[in-house]
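To be precise, the following lines are start-v8.cif, and they hold mmCIF, C-alpha atoms.
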```
data_structure
loop_
_atom_site.label_atom_id
_atom_site.label_comp_id
_atom_site.auth_asym_id
_atom_site.auth_seq_id
_atom_site.Cartn_x
_atom_site.Cartn_y
_atom_site.Cartn_z
CA MET A 1471 0.00 0.00 0.00
CA SER A 1472 1.21 3.48 -0.84
CA GLN A 1473 0.46 6.01 1.91
CA THR A 1474 1.12 9.71 1.38
CA PHE A 1475 0.63 12.49 3.88
CA PRO A 1476 -1.03 15.88 3.43
CA PRO A 1477 0.68 19.00 4.76
CA GLY A 1478 0.58 19.17 8.52
CA VAL A 1479 0.25 15.41 9.08
CA SER A 1480 3.36 13.84 10.57
CA SER A 1481 4.49 10.63 8.91
CA GLU A 1482 6.45 9.80 12.07
CA ALA A 1483 3.30 10.09 14.18
CA PHE A 1484 1.38 7.89 11.74
CA PHE A 1485 4.02 5.18 11.68
CA ALA A 1486 4.29 5.21 15.48
CA CYS A 1487 0.54 4.61 15.63
CA ALA A 1488 0.74 1.93 12.95
CA ASP A 1489 3.45 0.08 14.85
CA ALA A 1490 1.45 0.26 18.09
CA ILE A 1491 -1.67 -1.04 16.37
CA ALA A 1492 0.22 -3.90 14.72
CA GLY A 1493 1.83 -4.91 18.00
CA ALA A 1494 -1.47 -4.93 19.88
CA ALA A 1495 -3.22 -6.76 17.05
CA LYS A 1496 -0.61 -9.53 17.07
CA ASP A 1497 -1.12 -10.05 20.81
CA LEU A 1498 -4.92 -10.03 20.57
CA ALA A 1499 -4.87 -12.40 17.60
CA ALA A 1500 -2.72 -14.81 19.60
CA LEU A 1501 -5.50 -14.88 22.21
CA GLY A 1502 -7.99 -15.90 19.52
CA TRP A 1503 -9.95 -12.64 19.72
CA THR A 1504 -9.67 -11.74 16.01
CA PRO A 1505 -10.80 -14.84 14.05
CA ALA A 1506 -11.02 -14.93 10.25
CA THR A 1507 -9.63 -11.38 9.70
CA SER A 1508 -12.35 -9.94 11.98
CA SER A 1509 -11.85 -7.02 14.38
CA ASN A 1510 -10.52 -3.53 13.71
CA PHE A 1511 -8.19 -1.19 15.54
CA SER A 1512 -7.40 2.49 15.33
CA MET A 1513 -5.28 5.16 16.96
CA ARG A 1514 -5.51 8.95 16.82
CA VAL A 1515 -2.66 10.55 14.88
CA ASP A 1516 -3.62 14.19 15.53
CA ASP A 1517 -6.72 16.31 16.12
CA SER A 1518 -8.06 15.58 12.63
CA HIS A 1519 -6.73 12.15 11.64
CA ALA A 1520 -6.45 8.55 12.80
CA ALA A 1521 -4.62 5.42 11.72
CA ILE A 1522 -6.91 2.41 11.19
CA THR A 1523 -6.63 -1.16 9.99
CA ILE A 1524 -7.39 -1.81 6.32
CA SER A 1525 -10.42 -4.01 5.74
CA GLY A 1526 -9.92 -7.78 5.44
CA ARG A 1527 -6.36 -8.07 6.73
CA ASP A 1528 -5.19 -10.88 9.04
CA LYS A 1529 -4.84 -9.13 12.39
CA GLY A 1530 -2.11 -11.50 13.53
CA ARG A 1531 0.12 -10.49 10.62
CA LEU A 1532 -0.27 -6.74 10.39
CA ASP A 1533 2.54 -4.43 9.42
CA ARG A 1534 2.65 -0.78 8.40
CA ASP A 1535 1.24 -1.58 4.95
CA ASP A 1536 -1.95 -2.93 6.56
CA ILE A 1537 -2.80 0.36 8.27
CA MET A 1538 -4.05 3.53 6.61
CA LEU A 1539 -4.74 7.17 7.37
CA ILE A 1540 -8.30 8.53 7.64
CA ASP A 1541 -9.85 11.82 8.63
CA LEU A 1542 -12.42 12.02 11.41
CA ASP A 1543 -15.23 11.80 8.86
CA GLY A 1544 -13.94 8.30 8.05
CA GLN A 1545 -12.55 9.20 4.63
CA ALA A 1546 -9.30 7.74 3.35
CA VAL A 1547 -6.43 10.24 3.23
CA GLY A 1548 -3.45 9.79 0.91
CA THR A 1549 -4.30 6.22 -0.13
CA ASP A 1550 -6.68 4.19 -2.28
CA ALA A 1551 -7.00 1.53 0.43
CA ARG A 1552 -10.40 0.76 1.95
CA PRO A 1553 -10.76 1.19 5.72
CA SER A 1554 -12.78 -1.10 7.94
CA ALA A 1555 -16.51 -1.18 7.23
CA GLU A 1556 -17.00 -0.01 10.82
CA THR A 1557 -14.79 3.06 10.57
CA ALA A 1558 -17.70 5.33 11.50
CA LEU A 1559 -17.85 3.73 14.94
CA HIS A 1560 -14.21 4.61 15.53
CA THR A 1561 -14.45 8.19 14.33
CA GLN A 1562 -17.58 8.70 16.42
CA VAL A 1563 -15.53 7.98 19.55
CA TYR A 1564 -12.73 10.34 18.52
CA ARG A 1565 -15.16 13.17 17.78
CA ARG A 1566 -17.09 12.64 21.00
CA TRP A 1567 -14.07 12.41 23.32
CA PRO A 1568 -11.07 14.45 22.10
CA ASP A 1569 -8.79 12.89 24.73
CA THR A 1570 -9.42 9.38 23.41
CA ARG A 1571 -6.47 8.08 21.41
CA VAL A 1572 -7.23 4.39 20.83
CA VAL A 1573 -10.26 2.29 19.84
CA LEU A 1574 -10.13 -1.52 19.88
CA HIS A 1575 -12.84 -3.82 18.53
CA THR A 1576 -12.55 -7.59 18.90
CA HIS A 1577 -14.65 -10.72 18.31
CA SER A 1578 -13.71 -13.17 21.04
CA ARG A 1579 -15.96 -16.15 21.66
CA THR A 1580 -16.78 -14.81 25.13
CA GLN A 1581 -17.77 -11.40 23.76
CA SER A 1582 -19.87 -12.90 20.98
CA VAL A 1583 -21.73 -15.33 23.26
CA ALA A 1584 -22.36 -12.68 25.91
CA SER A 1585 -23.72 -10.32 23.27
CA ARG A 1586 -26.31 -12.92 22.24
CA LEU A 1587 -27.20 -13.93 25.77
CA PHE A 1588 -27.85 -10.38 26.99
CA ALA A 1589 -29.23 -8.89 23.77
CA ALA A 1590 -32.86 -9.15 24.86
CA GLN A 1591 -32.06 -7.21 28.05
CA GLY A 1592 -30.30 -4.50 26.06
CA SER A 1593 -27.31 -4.34 28.39
CA ILE A 1594 -25.15 -6.22 30.88
CA ARG A 1595 -24.93 -4.87 34.43
CA LEU A 1596 -21.61 -5.73 36.06
CA GLU A 1597 -21.71 -5.37 39.83
CA GLY A 1598 -19.59 -6.55 42.73
CA TRP A 1599 -16.51 -7.52 40.73
CA GLU A 1600 -13.13 -6.27 41.92
CA LEU A 1601 -11.90 -6.02 38.33
CA GLN A 1602 -14.44 -3.29 37.59
CA LYS A 1603 -11.71 -1.04 39.00
CA ALA A 1604 -9.66 -1.73 35.86
CA ILE A 1605 -12.06 0.56 33.99
CA THR A 1606 -11.02 4.21 34.21
CA GLY A 1607 -13.27 6.09 36.62
CA PHE A 1608 -14.23 3.07 38.72
CA HIS A 1609 -12.67 2.88 42.18
CA THR A 1610 -14.63 0.18 44.00
CA HIS A 1611 -16.41 -3.11 43.46
CA GLU A 1612 -19.43 -1.41 45.06
CA SER A 1613 -20.41 0.15 41.75
CA MET A 1614 -22.34 -0.76 38.63
CA LEU A 1615 -20.78 -0.89 35.18
CA GLN A 1616 -23.42 -1.07 32.47
CA ILE A 1617 -22.40 -2.31 29.03
CA PRO A 1618 -25.12 -1.80 26.39
CA VAL A 1619 -25.79 -4.43 23.75
CA PHE A 1620 -26.85 -2.81 20.50
CA PRO A 1621 -28.64 -4.73 17.71
CA ASN A 1622 -26.37 -5.72 14.87
CA THR A 1623 -26.76 -4.12 11.47
CA GLN A 1624 -24.66 -3.71 8.35
CA HIS A 1625 -25.87 -0.09 8.14
CA MET A 1626 -23.29 1.83 10.17
CA PRO A 1627 -25.29 5.10 10.46
CA GLU A 1628 -27.92 3.13 12.37
CA LEU A 1629 -25.35 1.87 14.88
CA VAL A 1630 -23.82 5.33 15.19
CA ALA A 1631 -27.29 6.72 15.93
CA ARG A 1632 -27.90 4.12 18.65
CA VAL A 1633 -24.62 4.99 20.35
CA GLU A 1634 -25.45 8.70 20.13
CA ALA A 1635 -28.91 8.10 21.60
CA TRP A 1636 -27.40 6.25 24.55
CA LEU A 1637 -24.99 9.11 25.22
CA ASP A 1638 -27.59 11.82 24.65
CA ALA A 1639 -29.75 10.14 27.31
CA GLY A 1640 -26.96 10.92 29.77
CA LYS A 1641 -25.86 7.31 30.25
CA PRO A 1642 -22.15 6.64 30.88
CA LEU A 1643 -20.42 4.65 28.17
CA HIS A 1644 -17.09 2.87 28.58
CA ALA A 1645 -17.66 0.08 26.05
CA TYR A 1646 -20.46 -1.59 24.15
CA LEU A 1647 -21.33 -4.94 22.62
CA ILE A 1648 -23.04 -5.55 19.30
CA ASP A 1649 -25.43 -8.50 19.23
CA GLY A 1650 -23.79 -11.59 17.70
CA HIS A 1651 -20.73 -9.55 16.91
CA GLY A 1652 -18.15 -8.29 19.43
CA ILE A 1653 -17.07 -5.47 21.71
CA TYR A 1654 -15.85 -1.88 21.29
CA THR A 1655 -13.82 -0.12 23.94
CA TRP A 1656 -11.40 2.80 24.00
CA GLY A 1657 -8.99 4.80 26.10
CA ARG A 1658 -6.45 7.58 26.34
CA ASP A 1659 -3.57 5.38 25.18
CA MET A 1660 -2.94 1.81 24.07
CA ALA A 1661 -2.12 0.53 27.56
CA GLU A 1662 -5.34 1.88 29.05
CA THR A 1663 -7.44 0.58 26.18
CA ARG A 1664 -5.93 -2.88 26.36
CA ARG A 1665 -6.53 -2.91 30.11
CA HIS A 1666 -10.18 -2.07 29.50
CA LEU A 1667 -10.50 -4.79 26.86
CA GLU A 1668 -8.82 -7.46 28.97
CA ALA A 1669 -10.88 -6.57 32.05
CA LEU A 1670 -14.13 -6.64 30.11
CA GLU A 1671 -13.24 -10.00 28.57
CA PHE A 1672 -12.64 -11.40 32.06
CA LEU A 1673 -15.82 -9.88 33.51
CA LEU A 1674 -17.98 -11.16 30.65
CA ALA A 1675 -16.51 -14.63 31.07
CA CYS A 1676 -17.35 -14.52 34.79
CA GLU A 1677 -20.95 -13.55 34.02
CA LEU A 1678 -21.23 -16.42 31.54
CA ASP A 1679 -19.82 -18.85 34.11
CA LEU A 1680 -22.35 -17.69 36.71
CA ARG A 1681 -25.19 -18.24 34.26
CA ARG A 1682 -23.92 -21.71 33.42
CA LEU A 1683 -23.35 -22.75 37.03
CA SER A 1684 -26.72 -21.49 38.20
CA ALA A 1685 -28.68 -23.16 35.39
#
```
For the structure just supplied, provide its representation as structure tokens.
Amino acid sequence: MSQTFPPGVSSEAFFACADAIAGAAKDLAALGWTPATSSNFSMRVDDSHAAITISGRDKGRLDRDDIMLIDLDGQAVGTDARPSAETALHTQVYRRWPDTRVVLHTHSRTQSVASRLFAAQGSIRLEGWELQKAITGFHTHESMLQIPVFPNTQHMPELVARVEAWLDAGKPLHAYLIDGHGIYTWGRDMAETRRHLEALEFLLACELDLRRLSA
């Protein structure tokens, strides 16, 4: 892939983001969370641009040529490559929270099963778990972390609208599931975002185990 850069966009910043994305993707793929080229990852380059994975690439084998530059309207910049079909969900996060620098979306078995199991309820309420404190802003197990489960659709504006409606209703949002699909979460840097993702994976697995053991 040939990537060029418009004036004012740092190639060094882009490649640093691309390397961070590729490194995280390799680790997440090794966990089995990105099957069959699924999942997509992005990282803010500057106030107006982000680096994002190109559609259809094996997430366990990413390098710089598998990551492209977009603007915050989701349009390709300096390349003919096609970004992820879900790019609008990434740029929505960056526009809504200017301090967010990373968005990770994975398709682990735990995430996918939990999304189906809790879809009818519309959300998962996580309460009493010590690992809730791994999510930025949570300081005690005596709290409630609500993860919405949005209906799946191939029409991204519909999903974007559902996320906006949740936020406009004044509900906190740290992550969300898509029914039969996977999870989205984000953070101020790669380390924080990976911590969120790993904690949510663990918490969802615990909820599934409780359901199974109490059946």
Given the file shown, determine the residues that the PyMOL selection byres ((chain A and resi 1650) around 10) selects; report them as a PyMOL selection string.
chain A and resi 1577+1579+1581-1587+1589+1619-1622+1647-1649+1651-1653
Write out, as a PDB file, keeping the file's coordinate frame, the residues just selected, with C-alpha atoms.
```pdb
ATOM      1  CA  HIS A1577     -14.650 -10.720  18.310  1.00  0.00           C
ATOM      2  CA  ARG A1579     -15.960 -16.150  21.660  1.00  0.00           C
ATOM      3  CA  GLN A1581     -17.770 -11.400  23.760  1.00  0.00           C
ATOM      4  CA  SER A1582     -19.870 -12.900  20.980  1.00  0.00           C
ATOM      5  CA  VAL A1583     -21.730 -15.330  23.260  1.00  0.00           C
ATOM      6  CA  ALA A1584     -22.360 -12.680  25.910  1.00  0.00           C
ATOM      7  CA  SER A1585     -23.720 -10.320  23.270  1.00  0.00           C
ATOM      8  CA  ARG A1586     -26.310 -12.920  22.240  1.00  0.00           C
ATOM      9  CA  LEU A1587     -27.200 -13.930  25.770  1.00  0.00           C
ATOM     10  CA  ALA A1589     -29.230  -8.890  23.770  1.00  0.00           C
ATOM     11  CA  VAL A1619     -25.790  -4.430  23.750  1.00  0.00           C
ATOM     12  CA  PHE A1620     -26.850  -2.810  20.500  1.00  0.00           C
ATOM     13  CA  PRO A1621     -28.640  -4.730  17.710  1.00  0.00           C
ATOM     14  CA  ASN A1622     -26.370  -5.720  14.870  1.00  0.00           C
ATOM     15  CA  LEU A1647     -21.330  -4.940  22.620  1.00  0.00           C
ATOM     16  CA  ILE A1648     -23.040  -5.550  19.300  1.00  0.00           C
ATOM     17  CA  ASP A1649     -25.430  -8.500  19.230  1.00  0.00           C
ATOM     18  CA  HIS A1651     -20.730  -9.550  16.910  1.00  0.00           C
ATOM     19  CA  GLY A1652     -18.150  -8.290  19.430  1.00  0.00           C
ATOM     20  CA  ILE A1653     -17.070  -5.470  21.710  1.00  0.00           C
TER      21      ILE A1653
END
```
* Can you list, as a VMD selection string, the residues that the PyMOL selection byres ((chain A and resi 1539) around 9) selects here? -> chain A and resid 1473 to 1475 1484 1515 1519 to 1523 1537 to 1538 1540 to 1541 1545 to 1549 1553
Quick one: everything within 8 Å of range 1677-1683 of chain A, counting all atoms listed in the file, minus sequence neighbours fewer than 2 positions away in the same chain. Send it as a PDB file with C-alpha atoms, keeping the file's coordinate frame.
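Saved to part20.pdb:
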```pdb
ATOM      1  CA  THR A1580     -16.780 -14.810  25.130  1.00  0.00           C
ATOM      2  CA  ALA A1584     -22.360 -12.680  25.910  1.00  0.00           C
ATOM      3  CA  LEU A1673     -15.820  -9.880  33.510  1.00  0.00           C
ATOM      4  CA  LEU A1674     -17.980 -11.160  30.650  1.00  0.00           C
ATOM      5  CA  ALA A1675     -16.510 -14.630  31.070  1.00  0.00           C
ATOM      6  CA  ALA A1685     -28.680 -23.160  35.390  1.00  0.00           C
TER       7      ALA A1685
END
```
Q) Could you pull the residues within 10 Å of range 1634-1645 of chain A, counting all atoms listed in the file, minus those fewer than 4 positions along the same chain, as a list in words? A) Gln1562, Val1563, Arg1566, Val1573, Leu1574, His1575, Ile1605, Thr1606, Gly1607, Leu1615, Gln1616, Ile1617, Pro1618, Val1619, Phe1620, Glu1628, Leu1629, Val1630, Ile1653, Tyr1654, Thr1655, Trp1656, Gly1657, His1666, Leu1667 and Leu1670 of chain A
Emit the selected residues as a tab-separated table (two decimals), keeping the file's coordinate frame, including C-alpha atoms.
```
chain	number	residue	atom	x	y	z
A	1562	GLN	CA	-17.58	8.70	16.42
A	1563	VAL	CA	-15.53	7.98	19.55
A	1566	ARG	CA	-17.09	12.64	21.00
A	1573	VAL	CA	-10.26	2.29	19.84
A	1574	LEU	CA	-10.13	-1.52	19.88
A	1575	HIS	CA	-12.84	-3.82	18.53
A	1605	ILE	CA	-12.06	0.56	33.99
A	1606	THR	CA	-11.02	4.21	34.21
A	1607	GLY	CA	-13.27	6.09	36.62
A	1615	LEU	CA	-20.78	-0.89	35.18
A	1616	GLN	CA	-23.42	-1.07	32.47
A	1617	ILE	CA	-22.40	-2.31	29.03
A	1618	PRO	CA	-25.12	-1.80	26.39
A	1619	VAL	CA	-25.79	-4.43	23.75
A	1620	PHE	CA	-26.85	-2.81	20.50
A	1628	GLU	CA	-27.92	3.13	12.37
A	1629	LEU	CA	-25.35	1.87	14.88
A	1630	VAL	CA	-23.82	5.33	15.19
A	1653	ILE	CA	-17.07	-5.47	21.71
A	1654	TYR	CA	-15.85	-1.88	21.29
A	1655	THR	CA	-13.82	-0.12	23.94
A	1656	TRP	CA	-11.40	2.80	24.00
A	1657	GLY	CA	-8.99	4.80	26.10
A	1666	HIS	CA	-10.18	-2.07	29.50
A	1667	LEU	CA	-10.50	-4.79	26.86
A	1670	LEU	CA	-14.13	-6.64	30.11
```
Find the residues near Phe1485 in chain A: any atom within 9 Å, counting all atoms listed in the file, skip ones fewer than 4 places away on the same chain, and give them as a PDB file with C-alpha atoms, in the coordinates of the input.
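Generated output (result_3.pdb):
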```
ATOM      1  CA  SER A1480       3.360  13.840  10.570  1.00  0.00           C
ATOM      2  CA  SER A1481       4.490  10.630   8.910  1.00  0.00           C
ATOM      3  CA  ASP A1489       3.450   0.080  14.850  1.00  0.00           C
ATOM      4  CA  ALA A1490       1.450   0.260  18.090  1.00  0.00           C
ATOM      5  CA  ALA A1521      -4.620   5.420  11.720  1.00  0.00           C
ATOM      6  CA  ARG A1534       2.650  -0.780   8.400  1.00  0.00           C
TER       7      ARG A1534
END
```
Take CA of Ala1486 in chain A and CA of Leu1498 in chain A and report the distance between them in Å, one decimal.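 Interatomic distance, CA of Ala1486 in chain A to CA of Leu1498 in chain A: 18.5 Å.
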Would you translate the PyMOL selection byres ((chain A and resi 1597) around 8) into the concrete set of residues it matches in this file, as a compact mmCIF listing (two decimals) with C-alpha atoms, keeping the file's coordinate frame?
```
# COMPACT_ATOMS: atom_id res chain seq x y z
CA ARG A 1595 -24.93 -4.87 34.43
CA LEU A 1596 -21.61 -5.73 36.06
CA GLY A 1598 -19.59 -6.55 42.73
CA TRP A 1599 -16.51 -7.52 40.73
CA GLN A 1602 -14.44 -3.29 37.59
CA HIS A 1611 -16.41 -3.11 43.46
CA GLU A 1612 -19.43 -1.41 45.06
CA SER A 1613 -20.41 0.15 41.75
CA MET A 1614 -22.34 -0.76 38.63
CA LEU A 1615 -20.78 -0.89 35.18
```
For a quick check of understanding, using all atoms listed in the file, which of A:Phe1588, A:Ser1512, A:Lys1529, A:Ala1555 has the smallest distance to Thr1663 in chain A?
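Using all atoms listed in the file, the shortest distance to Thr1663 in chain A belongs to A:Ser1512.
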Close residues, Gly1530 in chain A itself excluded, 10 Å, all atoms listed in the file, min 3 positions apart in chain, as JSON, numbers by chain:
{"A": [1492, 1493, 1494, 1495, 1496, 1497, 1498, 1499, 1500, 1501, 1502, 1504, 1505, 1507, 1527, 1533]}
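When CA of Ser1684 in chain A is paired with CA of Ser1593 in chain A, their separation reads 19.8 Å.
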